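Source file: model25.cif; contents: mmCIF, C-alpha atoms and all ligand atoms.
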data_model
loop_
_atom_site.label_atom_id
_atom_site.label_comp_id
_atom_site.auth_asym_id
_atom_site.auth_seq_id
_atom_site.Cartn_x
_atom_site.Cartn_y
_atom_site.Cartn_z
CA MET A 15 0.00 0.00 0.00
CA LEU A 16 2.89 2.32 0.90
CA LYS A 17 6.41 1.86 -0.39
CA ILE A 18 9.20 4.24 0.50
CA LEU A 19 12.54 3.94 -1.20
CA ASN A 20 15.76 5.64 -0.14
CA LEU A 21 13.94 8.70 1.16
CA LYS A 22 16.03 11.71 2.18
CA ALA A 23 14.63 14.84 3.78
CA GLY A 24 15.44 17.49 6.33
CA TYR A 25 15.20 21.14 7.20
CA GLY A 26 17.23 23.51 5.06
CA SER A 27 20.82 22.34 5.21
CA ILE A 28 20.09 19.88 8.03
CA GLN A 29 19.61 16.40 6.62
CA VAL A 30 17.52 14.22 8.94
CA LEU A 31 16.32 11.26 6.87
CA ARG A 32 19.38 9.64 5.31
CA GLY A 33 17.86 7.14 2.94
CA VAL A 34 14.83 5.49 4.52
CA SER A 35 13.18 2.50 2.87
CA LEU A 36 10.12 0.74 4.21
CA GLU A 37 6.87 -0.87 3.15
CA ILE A 38 3.39 -1.17 4.57
CA GLU A 39 0.88 -3.68 3.24
CA GLN A 40 -2.81 -3.01 3.25
CA GLY A 41 -4.42 -4.20 6.48
CA GLU A 42 -1.23 -4.15 8.53
CA ILE A 43 -0.34 -2.35 11.71
CA VAL A 44 3.27 -1.28 11.35
CA THR A 45 5.14 0.52 14.08
CA LEU A 46 8.18 2.75 13.89
CA ILE A 47 10.35 2.88 16.97
CA GLY A 48 13.28 5.15 17.69
CA ALA A 49 14.89 7.44 20.21
CA ASN A 50 14.13 11.15 20.49
CA GLY A 51 15.43 12.99 17.47
CA ALA A 52 15.82 9.87 15.31
CA GLY A 53 13.64 11.39 12.59
CA LYS A 54 10.31 9.63 13.13
CA SER A 55 8.19 12.78 12.95
CA THR A 56 10.26 14.04 10.03
CA LEU A 57 9.37 10.84 8.16
CA MET A 58 5.66 11.30 8.96
CA LYS A 59 5.78 14.92 7.79
CA THR A 60 7.48 13.89 4.56
CA LEU A 61 4.89 11.16 3.95
CA CYS A 62 1.98 13.55 4.33
CA GLY A 63 3.65 16.22 2.22
CA ILE A 64 4.40 18.95 4.77
CA LEU A 65 8.09 18.39 3.96
CA SER A 66 9.50 17.71 0.51
CA PRO A 67 12.07 14.97 0.12
CA SER A 68 15.43 15.83 -1.42
CA ALA A 69 15.76 12.29 -2.80
CA GLY A 70 13.94 8.99 -2.93
CA THR A 71 10.39 7.97 -3.75
CA ILE A 72 7.06 7.47 -2.00
CA GLU A 73 4.62 5.14 -3.68
CA TYR A 74 1.08 4.91 -2.34
CA GLN A 75 -1.54 2.56 -3.76
CA GLY A 76 0.65 1.87 -6.75
CA ALA A 77 1.48 5.46 -7.77
CA ARG A 78 4.17 7.98 -6.88
CA ILE A 79 2.89 10.70 -4.55
CA ASP A 80 6.07 12.43 -3.48
CA ARG A 81 5.29 15.50 -5.59
CA LYS A 82 1.63 15.66 -4.62
CA SER A 83 0.22 18.31 -2.30
CA PRO A 84 -0.75 17.43 1.27
CA THR A 85 -4.41 17.96 0.34
CA ALA A 86 -4.19 15.57 -2.61
CA ARG A 87 -2.68 12.95 -0.30
CA VAL A 88 -5.43 13.45 2.30
CA LYS A 89 -8.01 13.02 -0.47
CA GLN A 90 -6.44 9.65 -1.23
CA GLY A 91 -6.81 8.60 2.38
CA LEU A 92 -3.25 9.15 3.58
CA VAL A 93 -3.90 10.93 6.86
CA LEU A 94 -1.67 11.99 9.75
CA VAL A 95 -2.58 12.45 13.40
CA PRO A 96 0.35 14.73 14.22
CA GLU A 97 2.58 14.65 17.25
CA GLY A 98 1.21 17.04 19.86
CA ARG A 99 -2.26 16.68 18.28
CA CYS A 100 -2.45 20.19 16.75
CA ILE A 101 -5.92 20.89 18.08
CA LEU A 102 -7.16 24.43 17.40
CA GLN A 103 -7.67 25.41 21.02
CA ARG A 104 -10.03 28.32 20.47
CA MET A 105 -12.33 26.45 18.16
CA THR A 106 -15.05 24.14 19.38
CA VAL A 107 -14.79 20.37 19.38
CA TYR A 108 -17.28 20.30 16.51
CA GLU A 109 -15.30 22.85 14.47
CA ASN A 110 -12.09 20.90 15.05
CA LEU A 111 -13.74 17.74 13.77
CA LEU A 112 -15.00 19.55 10.68
CA MET A 113 -11.43 20.61 9.90
CA GLY A 114 -10.77 16.97 9.15
CA ALA A 115 -13.26 17.18 6.28
CA TYR A 116 -11.64 20.24 4.69
CA ALA A 117 -10.69 18.37 1.52
CA ARG A 118 -14.16 16.88 1.03
CA SER A 119 -17.34 18.22 -0.54
CA ASP A 120 -19.72 15.31 0.04
CA GLN A 121 -21.80 17.11 2.66
CA SER A 122 -24.22 14.32 3.51
CA ALA A 123 -21.44 11.76 3.95
CA ILE A 124 -19.55 14.23 6.13
CA LYS A 125 -22.62 14.52 8.32
CA THR A 126 -22.85 10.73 8.62
CA ASP A 127 -19.15 10.51 9.50
CA LEU A 128 -19.59 13.18 12.17
CA GLU A 129 -22.48 11.25 13.67
CA ASN A 130 -20.33 8.12 13.64
CA VAL A 131 -17.52 9.85 15.49
CA PHE A 132 -19.97 11.17 18.06
CA SER A 133 -21.51 7.76 18.59
CA HIS A 134 -18.10 6.09 18.95
CA TYR A 135 -16.73 8.83 21.18
CA PRO A 136 -19.60 10.06 23.36
CA VAL A 137 -17.13 12.17 25.34
CA LEU A 138 -16.72 14.33 22.23
CA ALA A 139 -20.45 14.44 21.58
CA ALA A 140 -21.10 15.71 25.09
CA ARG A 141 -18.54 18.48 24.57
CA LYS A 142 -19.12 19.28 20.94
CA ASP A 143 -19.96 22.95 21.45
CA LEU A 144 -17.24 23.59 24.02
CA SER A 145 -13.96 25.22 23.20
CA ALA A 146 -11.35 22.49 22.58
CA ASN A 147 -9.02 23.92 25.21
CA VAL A 148 -11.23 22.59 28.01
CA LEU A 149 -10.56 19.00 26.93
CA SER A 150 -8.17 16.82 28.90
CA GLY A 151 -5.08 15.39 27.20
CA GLY A 152 -6.79 12.09 26.49
CA GLU A 153 -9.88 13.79 25.12
CA GLN A 154 -7.74 15.99 22.89
CA GLN A 155 -6.04 12.90 21.49
CA MET A 156 -9.46 11.38 20.87
CA LEU A 157 -10.44 14.62 19.10
CA ALA A 158 -7.31 14.49 16.95
CA ILE A 159 -8.19 10.92 15.96
CA GLY A 160 -11.83 11.88 15.35
CA ARG A 161 -10.69 14.75 13.13
CA ALA A 162 -8.52 12.33 11.15
CA LEU A 163 -11.50 10.00 10.71
CA LEU A 164 -13.39 12.87 9.08
CA SER A 165 -10.76 12.64 6.32
CA ARG A 166 -11.80 9.02 5.67
CA PRO A 167 -8.31 7.53 6.14
CA ARG A 168 -7.19 4.36 4.41
CA LEU A 169 -3.70 4.58 5.83
CA LEU A 170 -3.72 6.36 9.17
CA MET A 171 -0.39 7.56 10.50
CA LEU A 172 -0.31 8.26 14.22
CA ASP A 173 2.66 10.16 15.65
CA GLU A 174 3.06 9.38 19.36
CA PRO A 175 -0.64 9.18 20.20
CA SER A 176 0.03 8.13 23.79
CA LEU A 177 2.43 10.97 24.58
CA GLY A 178 1.73 12.58 27.94
CA LEU A 179 -1.22 10.36 28.80
CA SER A 180 -1.76 8.42 32.02
CA PRO A 181 -1.42 4.61 31.81
CA LEU A 182 -5.20 4.24 31.83
CA LEU A 183 -5.64 6.65 28.92
CA VAL A 184 -2.75 5.05 27.06
CA ARG A 185 -4.73 1.82 27.25
CA ASP A 186 -7.81 3.60 25.88
CA ILE A 187 -5.87 5.07 22.96
CA PHE A 188 -4.37 1.69 22.11
CA SER A 189 -7.80 0.11 22.19
CA ILE A 190 -9.10 2.86 19.87
CA ILE A 191 -6.25 2.05 17.47
CA THR A 192 -7.22 -1.63 17.57
CA ASP A 193 -10.84 -0.71 16.76
CA LEU A 194 -9.76 1.51 13.85
CA HIS A 195 -7.67 -1.32 12.48
CA GLN A 196 -10.58 -3.74 12.79
CA SER A 197 -12.74 -1.30 10.86
CA GLY A 198 -10.37 -1.76 7.91
CA ILE A 199 -7.89 1.09 8.30
CA THR A 200 -4.20 0.34 7.80
CA ILE A 201 -2.11 1.77 10.64
CA PHE A 202 1.37 3.28 10.74
CA LEU A 203 2.18 4.00 14.37
CA VAL A 204 5.10 5.97 15.76
CA GLU A 205 5.58 5.29 19.45
CA GLN A 206 8.05 5.83 22.24
CA ASN A 207 6.15 3.14 24.08
CA ALA A 208 7.87 0.43 22.05
CA GLN A 209 6.61 -2.49 24.10
CA LYS A 210 2.95 -1.58 23.77
CA ALA A 211 3.29 -0.65 20.12
CA LEU A 212 4.93 -3.97 19.25
CA GLN A 213 2.28 -5.91 21.15
CA LEU A 214 -0.28 -4.34 18.84
CA ALA A 215 1.66 -4.37 15.57
CA ASP A 216 2.26 -6.96 12.88
CA ARG A 217 5.71 -5.62 12.04
CA GLY A 218 8.09 -2.97 13.23
CA TYR A 219 10.97 -0.81 12.04
CA VAL A 220 13.63 0.72 14.24
CA MET A 221 15.09 4.08 13.26
CA GLU A 222 18.37 5.53 14.43
CA THR A 223 19.68 8.91 13.28
CA GLY A 224 17.60 8.97 10.12
CA MET A 225 18.18 5.38 9.03
CA ILE A 226 16.27 2.14 9.47
CA VAL A 227 18.56 -0.16 11.45
CA MET A 228 16.22 -3.07 12.13
CA SER A 229 12.99 -4.42 10.71
CA ASP A 230 11.15 -7.60 11.58
CA THR A 231 7.87 -9.05 12.73
CA ALA A 232 6.66 -7.48 15.95
CA GLN A 233 7.05 -10.82 17.69
CA ASN A 234 10.70 -11.18 16.70
CA LEU A 235 11.44 -7.59 17.67
CA LEU A 236 9.83 -8.12 21.07
CA GLY A 237 12.11 -11.12 21.54
CA SER A 238 15.26 -9.42 20.26
CA LYS A 239 17.94 -8.96 22.90
CA GLU A 240 19.39 -5.96 21.08
CA LEU A 241 16.07 -4.19 20.94
CA ARG A 242 15.17 -5.09 24.51
CA GLU A 243 18.35 -3.50 25.79
CA ALA A 244 17.99 -0.34 23.73
CA TYR A 245 14.24 0.32 23.72
CA LEU A 246 12.32 -2.01 25.98
CA GLY A 247 14.09 -1.33 29.24
CA GLY A 248 16.27 -4.46 29.37
N1 LIG B 301 11.55 22.43 12.02
C1 LIG B 301 12.78 21.95 12.24
N2 LIG B 301 13.88 22.66 11.88
C2 LIG B 301 15.13 22.18 12.07
N3 LIG B 301 15.38 20.98 12.61
C3 LIG B 301 14.34 20.23 12.98
C4 LIG B 301 13.00 20.68 12.83
N4 LIG B 301 12.17 19.70 13.29
C5 LIG B 301 12.98 18.71 13.72
N5 LIG B 301 14.27 19.01 13.54
C6 LIG B 301 15.42 18.16 13.87
O1 LIG B 301 15.33 16.95 13.14
C7 LIG B 301 15.76 15.85 13.92
C8 LIG B 301 14.69 14.79 13.92
O2 LIG B 301 13.53 15.31 14.56
P1 LIG B 301 12.16 14.51 14.62
O3 LIG B 301 11.16 15.43 15.21
O4 LIG B 301 11.88 13.93 13.30
O5 LIG B 301 12.55 13.34 15.63
P2 LIG B 301 11.61 12.25 16.32
O6 LIG B 301 12.21 10.93 16.04
O7 LIG B 301 10.20 12.46 15.95
O8 LIG B 301 11.83 12.58 17.87
P3 LIG B 301 10.80 12.54 19.11
O9 LIG B 301 10.78 11.10 19.55
O10 LIG B 301 11.43 13.41 20.12
O11 LIG B 301 9.47 13.02 18.64
C9 LIG B 301 16.09 16.41 15.30
O12 LIG B 301 17.48 16.55 15.40
C10 LIG B 301 15.41 17.76 15.31
O13 LIG B 301 16.11 18.67 16.11
MG MG B 302 8.52 12.96 16.97
#
Produce structure tokens that represent the structure in this file.
Amino acid sequence: MLKILNLKAGYGSIQVLRGVSLEIEQGEIVTLIGANGAGKSTLMKTLCGILSPSAGTIEYQGARIDRKSPTARVKQGLVLVPEGRCILQRMTVYENLLMGAYARSDQSAIKTDLENVFSHYPVLAARKDLSANVLSGGEQQMLAIGRALLSRPRLLMLDEPSLGLSPLLVRDIFSIITDLHQSGITIFLVEQNAQKALQLADRGYVMETGMIVMSDTAQNLLGSKELREAYLGG
């Protein structure tokens, strides 16, 4: 579904991604693990088109997309839930959700999708007319996911969805991800919480300083001594 080959990208003269290759099959949950500053978010931003690669290719559903606009990619179902959530704090919950539908014009389907989000996440329904800044961290993450659903994702990329959440809420977010996957959405998950991410995933990649240094089934990665020492706390 997604095939990245030798991707290089960065910020001005700073090169962050130094030739990243990876693949995601339709229906998979794939996780990307790596230390702070490894380049995980930079990869996500390059995939969704906020950053342009300096080299390499991104193929999505059989066609190159690396020159396409972020909006064109969203329209094709390649959707990012960004690190830090990027909720518009002064807008209402409802308005934030609608932002997810910015690239769509099918008004009646948008309405149905909104109703679906509200029925799946009653917490959001109950707060739909409140300013988003009153939401707790977990509710804001739910809102960020709800907003992404309004873009009708086929491949949903989640950048550190559990960041800053209590263990209980982390569990909720992971169970939401499982539900999304069961509803047919392919998942690309960036997580610091490597253990939990691998327990959920089919396969994983490990990134160090802008390069993929390991890739395997989640089960093998969980059992890998090297990975345990570096990322799973021994
Ligand atoms: N806008 C920017 N301008 C310049 N350098 C940046 C910018 N954003 C990120 N970087 C640098 O790029 C490198 C990779 O950052 P990135 O955010 O991709 O890492 P990450 O793996 O997502 O880390 P974390 O786990 O902390 O989220 C870092 O050295 C960072 O300082
Ligand atoms: Mg990051």
Please build the interface table for chain A against ligand MG 302 (chain B) with a cut-off of 8 Å, listing for each qualifying residue the nearest atom pair and the distance in Å to one decimal; count all atoms listed in the file, order rows by chain and increasing number, and write it as a tab-separated table.
residue	atom	partner	partner_atom	distance
A:Asn50	CA	B:MG302	MG	6.9
A:Gly51	CA	B:MG302	MG	6.9
A:Gly53	CA	B:MG302	MG	6.9
A:Lys54	CA	B:MG302	MG	5.4
A:Ser55	CA	B:MG302	MG	4.0
A:Thr56	CA	B:MG302	MG	7.2
A:Glu97	CA	B:MG302	MG	6.2
A:Asp173	CA	B:MG302	MG	6.6
A:Glu174	CA	B:MG302	MG	7.0
A:Val204	CA	B:MG302	MG	7.9
Item checked: Gln196 of chain A surroundings by only C-alpha atoms, 12 Å radius, close-in-sequence under 4 positions cut, as a PyMOL selection string -> chain A and resi 41-43+189-192+200-201+214
Item checked: Close residues, segment 145-150 of chain A itself excluded, 8 Å, all atoms listed in the file, min 3 positions apart in chain, as a list in words ->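 Everything that qualifies: Ile101, Leu102, Gln103, Arg104, Met105, Thr106, Val107, Asn110, Glu153 and Gln154 of chain A.
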Check: Quick one: residues within 8 Å of Glu37 of chain A, only C-alpha atoms counted, chain neighbours fewer than 6 positions away excluded, as number ranges by chain?
Finding: A: 15-18
Check every protein, DNA and RNA residue against ligand LIG 301 (chain B), keep those with an atom at most 10 Å away (counting all atoms listed in the file), and present them as a PDB file with C-alpha atoms, keeping the file's coordinate frame.
ATOM      1  CA  ALA A  23      14.630  14.840   3.780  1.00  0.00           C
ATOM      2  CA  GLY A  24      15.440  17.490   6.330  1.00  0.00           C
ATOM      3  CA  TYR A  25      15.200  21.140   7.200  1.00  0.00           C
ATOM      4  CA  GLY A  26      17.230  23.510   5.060  1.00  0.00           C
ATOM      5  CA  SER A  27      20.820  22.340   5.210  1.00  0.00           C
ATOM      6  CA  ILE A  28      20.090  19.880   8.030  1.00  0.00           C
ATOM      7  CA  GLN A  29      19.610  16.400   6.620  1.00  0.00           C
ATOM      8  CA  VAL A  30      17.520  14.220   8.940  1.00  0.00           C
ATOM      9  CA  LEU A  31      16.320  11.260   6.870  1.00  0.00           C
ATOM     10  CA  LEU A  46       8.180   2.750  13.890  1.00  0.00           C
ATOM     11  CA  ILE A  47      10.350   2.880  16.970  1.00  0.00           C
ATOM     12  CA  GLY A  48      13.280   5.150  17.690  1.00  0.00           C
ATOM     13  CA  ALA A  49      14.890   7.440  20.210  1.00  0.00           C
ATOM     14  CA  ASN A  50      14.130  11.150  20.490  1.00  0.00           C
ATOM     15  CA  GLY A  51      15.430  12.990  17.470  1.00  0.00           C
ATOM     16  CA  ALA A  52      15.820   9.870  15.310  1.00  0.00           C
ATOM     17  CA  GLY A  53      13.640  11.390  12.590  1.00  0.00           C
ATOM     18  CA  LYS A  54      10.310   9.630  13.130  1.00  0.00           C
ATOM     19  CA  SER A  55       8.190  12.780  12.950  1.00  0.00           C
ATOM     20  CA  THR A  56      10.260  14.040  10.030  1.00  0.00           C
ATOM     21  CA  LEU A  57       9.370  10.840   8.160  1.00  0.00           C
ATOM     22  CA  MET A  58       5.660  11.300   8.960  1.00  0.00           C
ATOM     23  CA  LYS A  59       5.780  14.920   7.790  1.00  0.00           C
ATOM     24  CA  THR A  60       7.480  13.890   4.560  1.00  0.00           C
ATOM     25  CA  LEU A  65       8.090  18.390   3.960  1.00  0.00           C
ATOM     26  CA  GLU A  97       2.580  14.650  17.250  1.00  0.00           C
ATOM     27  CA  GLY A  98       1.210  17.040  19.860  1.00  0.00           C
ATOM     28  CA  ASP A 173       2.660  10.160  15.650  1.00  0.00           C
ATOM     29  CA  GLU A 174       3.060   9.380  19.360  1.00  0.00           C
ATOM     30  CA  LEU A 177       2.430  10.970  24.580  1.00  0.00           C
ATOM     31  CA  VAL A 204       5.100   5.970  15.760  1.00  0.00           C
ATOM     32  CA  GLU A 205       5.580   5.290  19.450  1.00  0.00           C
ATOM     33  CA  GLN A 206       8.050   5.830  22.240  1.00  0.00           C
ATOM     34  CA  MET A 221      15.090   4.080  13.260  1.00  0.00           C
ATOM     35  CA  GLU A 222      18.370   5.530  14.430  1.00  0.00           C
ATOM     36  CA  THR A 223      19.680   8.910  13.280  1.00  0.00           C
ATOM     37  CA  GLY A 224      17.600   8.970  10.120  1.00  0.00           C
TER      38      GLY A 224
END
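Here atom CA of Pro167 of chain A is placed at a distance of 21.6 Å from atom CA of Val137 of chain A.
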Check: Closest to Gly91 of chain A among A:Leu179, A:Leu128, A:Ala139, A:Leu163, using all atoms listed in the file?
Finding: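 Nearest candidate to Gly91 of chain A out of A:Leu179, A:Leu128, A:Ala139, A:Leu163: A:Leu163.
Between atom CA of Tyr219 of chain A and atom CA of Ala69 of chain A the separation is 20.4 Å.
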